[in-house]
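Asks: Can you read through this structure? Questions will come right after.
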Number of protein chains: 2
Amino acid sequence: VIDFPNNEAFLARPSYQKLCKLAQNPYSLTAPSPQGLSPERLNRFKASALGFTLLYGTQRIDEEVLKTLEALAHESELISQFRAMVQGETLNQILSWDSEKRAVLHTALRNLFPPPSGNTIAEEAARLAAQEMEKLKRFLERCDQEKRWEEILLVGIGGSDLGPRALYLALQAYTLPQRKADFISNVDPDDAAQVLQKKDLSKTLVIIVSKSGNTLETKTNEALVAQAFRARGLEPKEHFIAVTQKGSPLDNPQHYLESFYIWDYIGGRYSSTSMVGGVLLGFTLGYTPFLELLRGAHDMDRVALESTFSQNLPLLSALLGIWNCHFLGYPSLAILPYSQALSRFPAHLQQCDMESNGKGINRRGEILTYPASPIIWGEVGTNGQHSFYQWIHQSPLVVPVEFIGFRKSQWGKEIEVEGTSSQQKLLANLFAQSLALAQGQTAKNPNHSFPGNRPNSVLMAEQLTPYTLGALLAYYEAKIVFQGFYWNINSFDQEGVQLGKRLANHILEDFRQINLNPQDKTCFQKHPLTSALLQAGGLISE
Amino acid sequence: VIDFPNNEAFLARPSYQKLCKLAQNPYSLTAPSPQGLSPERLNRFKASALGFTLLYGTQRIDEEVLKTLEALAHESELISQFRAMVQGETLNQILSWDSEKRAVLHTALRNLFPPPSGNTIAEEAARLAAQEMEKLKRFLERCDQEKRWEEILLVGIGGSDLGPRALYLALQAYTLPQRKADFISNVDPDDAAQVLQKKDLSKTLVIIVSKSGNTLETKTNEALVAQAFRARGLEPKEHFIAVTQKGSPLDNPQHYLESFYIWDYIGGRYSSTSMVGGVLLGFTLGYTPFLELLRGAHDMDRVALESTFSQNLPLLSALLGIWNCHFLGYPSLAILPYSQALSRFPAHLQQCDMESNGKGINRRGEILTYPASPIIWGEVGTNGQHSFYQWIHQSPLVVPVEFIGFRKSQWGKEIEVEGTSSQQKLLANLFAQSLALAQGQTAKNPNHSFPGNRPNSVLMAEQLTPYTLGALLAYYEAKIVFQGFYWNINSFDQEGVQLGKRLANHILEDFRQINLNPQDKTCFQKHPLTSALLQAGGLISE
């Protein structure tokens, strides 16, 4: 059983203390070669697994920092905690306080090669996941035979939307002919209106995704979509399927063609490799590519769990992030994929990371005495170069960067202009940015000076395929989980969303009352602050 | 003529000094009503113009801070500098150093109601803008008559892409039937491949946007798109038009059906109301809605220039941002529109703000001794609530927030579920978040506690229309410009992108050489660092 340290023990660890000292004088990348950056250095700080290579010579570390980070990983029991998670230990909890008290088993969703036999909760979870995969396979075979559906429409929000959306966009190059997907997430009625007006509903399969079956946005949008079906003379229950927990209001054969299941040990933000992503990706790509995605994720889970320190990509990446955020004090991280297909991948990681690790208490319920995870943001390159890169090069503040790149494009539709291909131009820019941020430049004109020493890594792979994407997703999931273990927080709950929900319900009560009787002013007494805000915003009159 | 202070004078200003003191003990929003938040307070800290209302009672300010911020605006000559900009003074420069030395005249682009007469550079700029508008009008009339085009494809990047894209997405509800737009920006060949595979090129008008005509990405993508036209037996010059500076390589009637002009006093990130946005928006929405957008922008420019302090929305917003970033020390700002139509508006503002104000030197060329502008990021609500809001509510770090909302939806396609409409649910959530962030919550269970005191504002308007969108765009442009004036930086150059470009050219040289002769290893001697990176990344072999 894992020990959750208190704040005092956390701060007392020898490796923690040593890193605080080392951080006072971090390695400088700006000295002229060979002191700062050198070919040897770039070649030394490099790790590889599953065809991925992580280049981190452009981080502000040296051998001693790296060794101490390894010690920190050991003293923080990062690998043992990861193992405990994979084996189904109750890691979603706060000791001595009312909390969710659940296992965390998204890794079981892809433990299918083959599914394990045995009786632990983790093994059972893998078998249940395999059952859903079987159900999906049969469902997709029916789709192929019946040819009723050409489009799929996912109604969900947050973890039930961003992951599937980011992965779908990432694999457009692999989409089956005559299959496409759309998404409705926002409770803003313009989201649904915009999407519905261009769809041929008669050929559309609708997938309602909500673990609890009670998500406000999803319920409302389901009603809106159902209304649109009826308005075109179509029966919703002939088109709608559900992805939900067993026994939820959505688990109802009278209203849905089919229900696929998820479980309480799968957090929404970690659910992309469950049926939450599976139905949509299986429909648009086919069953086998989705299975390949799971295989990539599973293989990366094993890298996280089993590989030696020097080749453990997610662990290295987690520790470099901790070095930048916790010891060097940089409060944000930019994730910049040089791949248009990953256009929404940073948004998914923003969710997965910030919802997991944006916590204010440790796992014993003590208020944190140190900042935890950074703000995560990012856009694809080279686009970002023409947007916020000015800031990351020359602002007095510093943003660490994680670049992602691929040697080959997905579509292979290139053009050679001025002696180089588009993909070469893309990669030339990626590597140039990594170097420019690290190295900086001195110049007589102060506006041509670059301070450099802006830490960054480059993660390279051969090509963005279903397998690679699965591995990339699992790489980030494992990185986030490692960091949460280090920060000694519960990465798996999200109590921080409750207060907003409660206040929204007050306001909705007021709206409901006013809708019934515009003269009824009792809400002004009952909720004076929210009423004042609504008045000030011109939403209700005095 | 505006005086650019040196760092010493900047820090010596009485209002600056006073704000530093006031920031040591900022107003607490978490005390129980009426000390912290109260209906009176929410009603007091409110400003209105052009149908917009800015609610800022949930900022950590009091009357004294507000008064001192007004003094700061005065001592920093923010309005005079704005006036100088509008009148065409050379504000894009660094004193005593080689720099662009240009006027900054995006406000002239919409000074068309009516265009002024006179001989200043600003008046001339407005007349040139009016000429392009005339040209656009005739061009669009031809499009209507000839009915050749149903789709428009914009090839551009950064300022030539994000602005038009964000505005186009924001106004989908107003798009003409049978008109749609696509965008290709990234040098990643998968961007073009993805977009081109689904287009009917025979009915597609292509607009190549590059001020210089030399942008690497745009040149490469233009060639790719031209190749696709030829592959389908179509002649590019029968489909392509250009938006560029007079005399650039794109200003060539032999290759383009038409050229629309921009000028050196329009920065890319401020060019959405020039023909950069105009051609695409005129084509998809019609000429009159685009003119309405310009009218909204012009009206907001006048609010920024002429209204009293208490109703000057962009100035207030700029000062509140300065208070949060510079005095309270928060290094980032989240912009969270509760409107799905504004899905890419935060990305556009991220560009406009961070490229403008992510600078390391002041306008005298001195290295800044204080941090300038924050990181800008954001996604639409309610989606973000299911993503990173956990972090903004409970992380030990603090992110100030700007909410944007509209009383009415665009499409008016609502549904009532449980007694309230979708739009009411959307707005209930917006206001609940504003209040929850400010007020926080104490609870016995530490995981149900919220520290509160998270500063935020809400900007409300009636509905997102072309006019409102133009005003909203100009509101942010003015806010950014005011902040840059305050920080005493040149918000109008982008020298920070040059180093990356130079290094990318080295790498492209190496690729070119290797493409010609894979055995030629001279690049290893010539560029040892970049060669080492490319080797480590598996792009070239030793």
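Naming works like this for the structure tokens: A, B, ... for the chains as they're shown, residue 1 at the start of each chain, ligands 1 onward in shown order.
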Could you list, as JSON, numbers by chain, every residue within 9 Å of range 259-269 of chain B, counting only C-alpha atoms and ignoring same-chain residues fewer than 6 positions away?
Replies: {"A": [387], "B": [88, 92, 102, 103, 104, 105, 106, 109, 125, 128, 129, 132, 135, 136, 158, 159, 160, 162, 163, 210, 211, 241, 242, 243, 244, 245, 246, 250, 251, 252, 253, 275, 276, 279, 348, 349, 351, 352, 353, 355, 356, 492, 493]}
Asks: Keeping N, CA and C atoms for every residue in the selection just given, could you write it to a file as a short mmCIF file (atom, residue, chain, number, x, y, z; two decimals), in the first residue's frame?
Replies:
```cif
data_model
loop_
_atom_site.label_atom_id
_atom_site.label_comp_id
_atom_site.auth_asym_id
_atom_site.auth_seq_id
_atom_site.Cartn_x
_atom_site.Cartn_y
_atom_site.Cartn_z
N SER A 387 2.35 33.61 -34.25
CA SER A 387 1.40 34.09 -33.26
C SER A 387 2.16 34.44 -31.98
N GLY B 88 -1.53 58.86 -36.74
CA GLY B 88 -0.46 58.46 -37.66
C GLY B 88 0.96 58.75 -37.18
N ASN B 92 5.62 52.73 -34.16
CA ASN B 92 6.32 51.46 -34.34
C ASN B 92 7.81 51.75 -34.51
N ARG B 102 7.51 53.05 -38.29
CA ARG B 102 6.27 53.15 -39.08
C ARG B 102 5.14 53.71 -38.23
N ALA B 103 4.16 54.24 -38.92
CA ALA B 103 2.90 54.58 -38.27
C ALA B 103 2.13 53.27 -38.00
N VAL B 104 1.07 53.37 -37.21
CA VAL B 104 0.25 52.22 -36.82
C VAL B 104 -1.20 52.61 -37.06
N LEU B 105 -1.77 52.14 -38.16
CA LEU B 105 -3.03 52.76 -38.58
C LEU B 105 -4.16 51.78 -38.85
N HIS B 106 -4.24 50.73 -38.07
CA HIS B 106 -5.39 49.83 -38.28
C HIS B 106 -6.71 50.53 -37.97
N LEU B 109 -8.51 51.89 -41.03
CA LEU B 109 -9.20 50.95 -41.92
C LEU B 109 -10.71 51.05 -41.77
N ALA B 125 -4.65 57.22 -45.21
CA ALA B 125 -4.84 55.78 -44.97
C ALA B 125 -6.31 55.42 -45.02
N LEU B 128 -7.42 55.39 -48.64
CA LEU B 128 -6.95 54.18 -49.33
C LEU B 128 -7.80 52.98 -48.92
N ALA B 129 -8.14 52.92 -47.64
CA ALA B 129 -8.99 51.82 -47.16
C ALA B 129 -10.35 51.87 -47.84
N GLU B 132 -10.16 50.46 -51.32
CA GLU B 132 -10.17 48.99 -51.34
C GLU B 132 -11.58 48.47 -51.08
N LYS B 135 -13.36 48.65 -54.28
CA LYS B 135 -12.89 47.57 -55.14
C LYS B 135 -13.57 46.25 -54.72
N LEU B 136 -13.64 46.05 -53.42
CA LEU B 136 -14.25 44.83 -52.88
C LEU B 136 -15.73 44.76 -53.28
N GLY B 158 -0.71 33.08 -39.51
CA GLY B 158 -0.57 34.11 -38.48
C GLY B 158 -1.64 35.17 -38.63
N GLY B 159 -1.22 36.42 -38.71
CA GLY B 159 -2.17 37.52 -38.86
C GLY B 159 -3.03 37.41 -40.10
N SER B 160 -2.53 36.71 -41.11
CA SER B 160 -3.29 36.56 -42.35
C SER B 160 -4.23 35.36 -42.31
N LEU B 162 -5.43 33.73 -38.65
CA LEU B 162 -6.19 33.57 -37.41
C LEU B 162 -7.33 34.55 -37.26
N GLY B 163 -7.10 35.81 -37.61
CA GLY B 163 -8.14 36.82 -37.51
C GLY B 163 -9.32 36.49 -38.41
N SER B 210 -0.49 37.56 -48.02
CA SER B 210 0.84 37.75 -47.43
C SER B 210 1.26 39.18 -47.70
N LYS B 211 1.50 39.93 -46.66
CA LYS B 211 1.86 41.34 -46.83
C LYS B 211 3.12 41.45 -47.69
N ILE B 241 -6.70 35.07 -56.25
CA ILE B 241 -6.54 36.50 -56.04
C ILE B 241 -5.54 36.71 -54.91
N ALA B 242 -5.04 37.93 -54.79
CA ALA B 242 -3.99 38.20 -53.81
C ALA B 242 -4.39 39.34 -52.89
N VAL B 243 -3.98 39.25 -51.63
CA VAL B 243 -4.06 40.38 -50.72
C VAL B 243 -2.63 40.63 -50.25
N THR B 244 -2.09 41.76 -50.58
CA THR B 244 -0.66 41.97 -50.37
C THR B 244 -0.33 43.46 -50.41
N GLN B 245 0.95 43.77 -50.22
CA GLN B 245 1.39 45.15 -50.34
C GLN B 245 1.65 45.46 -51.81
N LYS B 246 1.41 46.69 -52.20
CA LYS B 246 1.70 47.10 -53.58
C LYS B 246 3.15 46.80 -53.91
N LEU B 250 3.40 39.17 -55.03
CA LEU B 250 2.00 38.75 -55.25
C LEU B 250 1.19 39.78 -56.03
N ASP B 251 1.74 40.98 -56.15
CA ASP B 251 0.99 42.05 -56.83
C ASP B 251 1.27 41.95 -58.33
N ASN B 252 0.64 40.96 -58.98
CA ASN B 252 1.01 40.64 -60.35
C ASN B 252 -0.21 40.18 -61.12
N PRO B 253 -0.76 41.04 -61.97
CA PRO B 253 -2.00 40.72 -62.69
C PRO B 253 -1.85 39.51 -63.63
N MET B 275 -8.43 44.27 -46.05
CA MET B 275 -8.85 43.28 -47.04
C MET B 275 -8.41 41.86 -46.64
N VAL B 276 -7.49 41.74 -45.69
CA VAL B 276 -7.09 40.42 -45.18
C VAL B 276 -8.31 39.68 -44.64
N VAL B 279 -11.98 40.39 -47.79
CA VAL B 279 -12.35 39.63 -48.97
C VAL B 279 -13.11 38.37 -48.56
N HIS B 348 -7.04 33.99 -31.62
CA HIS B 348 -6.71 35.23 -32.30
C HIS B 348 -6.18 36.27 -31.31
N LEU B 349 -6.82 36.35 -30.15
CA LEU B 349 -6.36 37.32 -29.15
C LEU B 349 -5.01 36.92 -28.56
N GLN B 351 -2.66 35.58 -30.23
CA GLN B 351 -1.72 36.12 -31.20
C GLN B 351 -1.57 37.62 -31.07
N CYS B 352 -2.70 38.29 -31.10
CA CYS B 352 -2.68 39.75 -31.17
C CYS B 352 -1.98 40.32 -29.92
N ASP B 353 -2.29 39.75 -28.77
CA ASP B 353 -1.75 40.26 -27.51
C ASP B 353 -0.30 39.83 -27.30
N GLU B 355 1.98 38.57 -29.38
CA GLU B 355 2.96 39.06 -30.36
C GLU B 355 3.18 40.55 -30.19
N SER B 356 2.14 41.26 -29.75
CA SER B 356 2.29 42.71 -29.55
C SER B 356 3.11 43.01 -28.31
N PHE B 492 4.30 46.89 -31.88
CA PHE B 492 3.99 46.78 -33.30
C PHE B 492 5.08 46.12 -34.15
N ASP B 493 6.19 45.74 -33.53
CA ASP B 493 7.18 44.97 -34.28
C ASP B 493 7.13 43.52 -33.80
#
```
Asks: Per residue of chain A within 6 Å of chain B, record the nearest atom pair and its distance in Å to one decimal, counting only C-alpha atoms, with rows in chain order and ascending residue number, as JSON lines.
Replies:
```
{"residue": "A:Pro39", "atom": "CA", "partner": "B:Ala532", "partner_atom": "CA", "distance": 5.0}
{"residue": "A:Asn43", "atom": "CA", "partner": "B:Ala536", "partner_atom": "CA", "distance": 5.8}
{"residue": "A:Gly158", "atom": "CA", "partner": "B:His386", "partner_atom": "CA", "distance": 4.5}
{"residue": "A:Asn186", "atom": "CA", "partner": "B:Asn383", "partner_atom": "CA", "distance": 5.7}
{"residue": "A:Val187", "atom": "CA", "partner": "B:Leu426", "partner_atom": "CA", "distance": 5.9}
{"residue": "A:Asp188", "atom": "CA", "partner": "B:Leu426", "partner_atom": "CA", "distance": 5.7}
{"residue": "A:Pro189", "atom": "CA", "partner": "B:Ser422", "partner_atom": "CA", "distance": 5.7}
{"residue": "A:Asp190", "atom": "CA", "partner": "B:Trp411", "partner_atom": "CA", "distance": 5.9}
{"residue": "A:Asp191", "atom": "CA", "partner": "B:Gln340", "partner_atom": "CA", "distance": 5.6}
{"residue": "A:Gln340", "atom": "CA", "partner": "B:Asp191", "partner_atom": "CA", "distance": 5.6}
{"residue": "A:Gln351", "atom": "CA", "partner": "B:Ser387", "partner_atom": "CA", "distance": 4.2}
{"residue": "A:Met354", "atom": "CA", "partner": "B:Phe388", "partner_atom": "CA", "distance": 5.2}
{"residue": "A:Glu355", "atom": "CA", "partner": "B:Gln390", "partner_atom": "CA", "distance": 5.2}
{"residue": "A:Gly358", "atom": "CA", "partner": "B:Trp391", "partner_atom": "CA", "distance": 3.9}
{"residue": "A:Lys359", "atom": "CA", "partner": "B:Ser395", "partner_atom": "CA", "distance": 4.8}
{"residue": "A:Gly360", "atom": "CA", "partner": "B:Ser395", "partner_atom": "CA", "distance": 5.0}
{"residue": "A:Gly365", "atom": "CA", "partner": "B:Pro446", "partner_atom": "CA", "distance": 5.9}
{"residue": "A:Pro371", "atom": "CA", "partner": "B:Pro396", "partner_atom": "CA", "distance": 5.3}
{"residue": "A:Thr382", "atom": "CA", "partner": "B:Asn186", "partner_atom": "CA", "distance": 5.8}
{"residue": "A:Asn383", "atom": "CA", "partner": "B:Asn186", "partner_atom": "CA", "distance": 5.7}
{"residue": "A:His386", "atom": "CA", "partner": "B:Gly158", "partner_atom": "CA", "distance": 4.5}
{"residue": "A:Ser387", "atom": "CA", "partner": "B:Gln351", "partner_atom": "CA", "distance": 4.3}
{"residue": "A:Phe388", "atom": "CA", "partner": "B:Met354", "partner_atom": "CA", "distance": 5.2}
{"residue": "A:Gln390", "atom": "CA", "partner": "B:Gly496", "partner_atom": "CA", "distance": 4.6}
{"residue": "A:Trp391", "atom": "CA", "partner": "B:Gly358", "partner_atom": "CA", "distance": 3.9}
{"residue": "A:His393", "atom": "CA", "partner": "B:Gly496", "partner_atom": "CA", "distance": 5.8}
{"residue": "A:Gln394", "atom": "CA", "partner": "B:Gly360", "partner_atom": "CA", "distance": 5.2}
{"residue": "A:Ser395", "atom": "CA", "partner": "B:Gly358", "partner_atom": "CA", "distance": 4.7}
{"residue": "A:Pro396", "atom": "CA", "partner": "B:Pro371", "partner_atom": "CA", "distance": 5.3}
{"residue": "A:Trp411", "atom": "CA", "partner": "B:Asp190", "partner_atom": "CA", "distance": 5.9}
{"residue": "A:Glu414", "atom": "CA", "partner": "B:Pro189", "partner_atom": "CA", "distance": 5.8}
{"residue": "A:Gly419", "atom": "CA", "partner": "B:Arg512", "partner_atom": "CA", "distance": 5.3}
{"residue": "A:Thr420", "atom": "CA", "partner": "B:Arg512", "partner_atom": "CA", "distance": 5.6}
{"residue": "A:Ser422", "atom": "CA", "partner": "B:Pro189", "partner_atom": "CA", "distance": 5.7}
{"residue": "A:Gln423", "atom": "CA", "partner": "B:Asp188", "partner_atom": "CA", "distance": 5.9}
{"residue": "A:Leu426", "atom": "CA", "partner": "B:Asp188", "partner_atom": "CA", "distance": 5.6}
{"residue": "A:Ala428", "atom": "CA", "partner": "B:Ala504", "partner_atom": "CA", "distance": 5.1}
{"residue": "A:Asn429", "atom": "CA", "partner": "B:Ala504", "partner_atom": "CA", "distance": 5.1}
{"residue": "A:Ala432", "atom": "CA", "partner": "B:Ala504", "partner_atom": "CA", "distance": 4.9}
{"residue": "A:Gln433", "atom": "CA", "partner": "B:Gly500", "partner_atom": "CA", "distance": 5.2}
{"residue": "A:Ala436", "atom": "CA", "partner": "B:Gly500", "partner_atom": "CA", "distance": 5.6}
{"residue": "A:Pro446", "atom": "CA", "partner": "B:Gly365", "partner_atom": "CA", "distance": 5.9}
{"residue": "A:Gly496", "atom": "CA", "partner": "B:Gln390", "partner_atom": "CA", "distance": 4.6}
{"residue": "A:Val497", "atom": "CA", "partner": "B:Gln390", "partner_atom": "CA", "distance": 5.5}
{"residue": "A:Gly500", "atom": "CA", "partner": "B:Gln433", "partner_atom": "CA", "distance": 5.2}
{"residue": "A:Leu503", "atom": "CA", "partner": "B:Ala432", "partner_atom": "CA", "distance": 5.0}
{"residue": "A:Ala504", "atom": "CA", "partner": "B:Ala432", "partner_atom": "CA", "distance": 4.9}
{"residue": "A:Ile507", "atom": "CA", "partner": "B:Ala428", "partner_atom": "CA", "distance": 5.5}
{"residue": "A:Arg512", "atom": "CA", "partner": "B:Gly419", "partner_atom": "CA", "distance": 5.3}
{"residue": "A:Leu529", "atom": "CA", "partner": "B:Pro39", "partner_atom": "CA", "distance": 5.4}
{"residue": "A:Ala532", "atom": "CA", "partner": "B:Pro39", "partner_atom": "CA", "distance": 5.0}
{"residue": "A:Ala536", "atom": "CA", "partner": "B:Asn43", "partner_atom": "CA", "distance": 5.8}
```
Asks: Quick check for you: according to DSSP on this backbone, which residues of range 69-286 of chain A are classed as strand (DSSP E)? Reply as a VMD selection string.
Replies: chain A and resid 151 to 155 180 to 184 204 to 209 240 to 245 259 to 262
Asks: Any idea what the distance is between CA of Leu285 in chain A and CA of Leu176 in chain A?
Replies: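 Value for the CA of Leu285 in chain A-CA of Leu176 in chain A distance: 5.4 Å.
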Asks: Report as an mmCIF file with N, CA, C and O atoms, in the first residue's frame all protein, DNA and RNA residues lying within 7 Å of range 299-310 of chain A, evaluated on only C-alpha atoms, omitting residues in the same chain fewer than 2 positions from it.
Replies:
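Printed below is around_10.cif as written:
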```cif
data_model
loop_
_atom_site.group_PDB
_atom_site.id
_atom_site.type_symbol
_atom_site.label_atom_id
_atom_site.label_comp_id
_atom_site.auth_asym_id
_atom_site.auth_seq_id
_atom_site.Cartn_x
_atom_site.Cartn_y
_atom_site.Cartn_z
ATOM 1 N N ALA A 47 16.446 9.886 -25.276
ATOM 2 C CA ALA A 47 15.937 8.587 -24.842
ATOM 3 C C ALA A 47 15.002 8.060 -25.916
ATOM 4 O O ALA A 47 14.323 8.844 -26.589
ATOM 5 N N ILE A 79 7.264 4.906 -9.708
ATOM 6 C CA ILE A 79 6.977 3.657 -10.426
ATOM 7 C C ILE A 79 6.096 2.738 -9.572
ATOM 8 O O ILE A 79 5.132 2.150 -10.075
ATOM 9 N N PHE A 82 2.653 3.943 -9.846
ATOM 10 C CA PHE A 82 2.085 3.621 -11.161
ATOM 11 C C PHE A 82 1.658 2.156 -11.187
ATOM 12 O O PHE A 82 0.568 1.816 -11.653
ATOM 13 N N ARG A 83 2.511 1.294 -10.629
ATOM 14 C CA ARG A 83 2.175 -0.126 -10.592
ATOM 15 C C ARG A 83 0.917 -0.350 -9.752
ATOM 16 O O ARG A 83 0.014 -1.084 -10.147
ATOM 17 N N THR A 107 -5.623 2.176 -17.665
ATOM 18 C CA THR A 107 -4.642 1.294 -18.320
ATOM 19 C C THR A 107 -5.228 -0.091 -18.614
ATOM 20 O O THR A 107 -4.781 -0.759 -19.555
ATOM 21 N N ARG A 295 -3.291 -0.763 -28.856
ATOM 22 C CA ARG A 295 -2.027 -1.479 -28.738
ATOM 23 C C ARG A 295 -0.877 -0.493 -28.466
ATOM 24 O O ARG A 295 -0.014 -0.722 -27.618
ATOM 25 N N GLY A 296 -0.920 0.643 -29.184
ATOM 26 C CA GLY A 296 0.104 1.674 -28.951
ATOM 27 C C GLY A 296 0.036 2.191 -27.518
ATOM 28 O O GLY A 296 1.064 2.357 -26.847
ATOM 29 N N ALA A 297 -1.178 2.408 -27.032
ATOM 30 C CA ALA A 297 -1.343 2.900 -25.661
ATOM 31 C C ALA A 297 -0.844 1.863 -24.659
ATOM 32 O O ALA A 297 -0.125 2.188 -23.713
ATOM 33 N N ASN A 312 12.736 5.498 -19.985
ATOM 34 C CA ASN A 312 11.329 5.643 -19.589
ATOM 35 C C ASN A 312 10.830 7.029 -19.993
ATOM 36 O O ASN A 312 10.890 7.997 -19.234
ATOM 37 N N PRO A 314 7.843 8.589 -20.544
ATOM 38 C CA PRO A 314 6.884 9.403 -19.770
ATOM 39 C C PRO A 314 7.457 9.840 -18.432
ATOM 40 O O PRO A 314 7.202 10.968 -17.981
ATOM 41 N N LEU A 315 8.250 8.991 -17.798
ATOM 42 C CA LEU A 315 8.821 9.354 -16.504
ATOM 43 C C LEU A 315 9.830 10.490 -16.665
ATOM 44 O O LEU A 315 9.813 11.467 -15.901
ATOM 45 N N ALA A 471 0.094 5.529 -28.492
ATOM 46 C CA ALA A 471 1.282 5.594 -27.641
ATOM 47 C C ALA A 471 1.492 7.027 -27.124
ATOM 48 O O ALA A 471 1.839 7.238 -25.965
ATOM 49 N N ALA A 474 -0.992 7.734 -24.351
ATOM 50 C CA ALA A 474 -0.614 7.054 -23.111
ATOM 51 C C ALA A 474 0.639 7.679 -22.497
ATOM 52 O O ALA A 474 0.788 7.712 -21.274
ATOM 53 N N TYR A 475 1.526 8.171 -23.359
ATOM 54 C CA TYR A 475 2.733 8.874 -22.882
ATOM 55 C C TYR A 475 2.313 10.060 -22.021
ATOM 56 O O TYR A 475 2.815 10.266 -20.917
ATOM 57 N N ALA A 478 0.479 8.974 -18.766
ATOM 58 C CA ALA A 478 1.426 8.484 -17.754
ATOM 59 C C ALA A 478 2.235 9.651 -17.177
ATOM 60 O O ALA A 478 2.484 9.711 -15.969
#
```
Asks: Show me, as a short mmCIF file (atom, residue, chain, number, x, y, z; two decimals) with N, CA, C and O atoms, in the first residue's frame, the residues that have an atom within 12 Å of Glu141 in chain A when counting only C-alpha atoms, minus same-chain residues fewer than 6 positions from it.
Replies:
```
data_model
loop_
_atom_site.label_atom_id
_atom_site.label_comp_id
_atom_site.auth_asym_id
_atom_site.auth_seq_id
_atom_site.Cartn_x
_atom_site.Cartn_y
_atom_site.Cartn_z
N GLU A 134 -15.64 -6.52 -27.99
CA GLU A 134 -16.38 -7.54 -28.75
C GLU A 134 -17.72 -6.97 -29.22
O GLU A 134 -18.12 -7.13 -30.37
N LYS A 135 -18.40 -6.29 -28.29
CA LYS A 135 -19.70 -5.69 -28.62
C LYS A 135 -19.52 -4.66 -29.74
O LYS A 135 -20.30 -4.60 -30.68
N LYS A 147 -25.27 -0.64 -43.89
CA LYS A 147 -24.99 0.61 -44.62
C LYS A 147 -26.01 1.71 -44.32
O LYS A 147 -26.33 2.52 -45.20
N ARG A 148 -26.57 1.69 -43.10
CA ARG A 148 -27.55 2.75 -42.77
C ARG A 148 -26.88 4.08 -42.47
O ARG A 148 -27.46 5.13 -42.67
N GLY A 282 -14.00 3.72 -33.90
CA GLY A 282 -14.28 2.48 -34.60
C GLY A 282 -15.16 2.73 -35.82
O GLY A 282 -14.91 2.21 -36.91
N PHE A 283 -16.19 3.56 -35.66
CA PHE A 283 -17.10 3.85 -36.76
C PHE A 283 -16.37 4.57 -37.90
O PHE A 283 -16.59 4.26 -39.07
N GLY A 286 -12.66 2.21 -38.47
CA GLY A 286 -12.73 0.76 -38.52
C GLY A 286 -12.24 0.19 -37.19
O GLY A 286 -11.52 0.84 -36.44
N TYR A 287 -12.61 -1.06 -36.95
CA TYR A 287 -12.28 -1.70 -35.68
C TYR A 287 -10.77 -1.88 -35.52
O TYR A 287 -10.20 -1.58 -34.48
N THR A 288 -10.12 -2.35 -36.56
CA THR A 288 -8.70 -2.71 -36.45
C THR A 288 -7.82 -1.49 -36.15
O THR A 288 -6.97 -1.55 -35.26
#
```
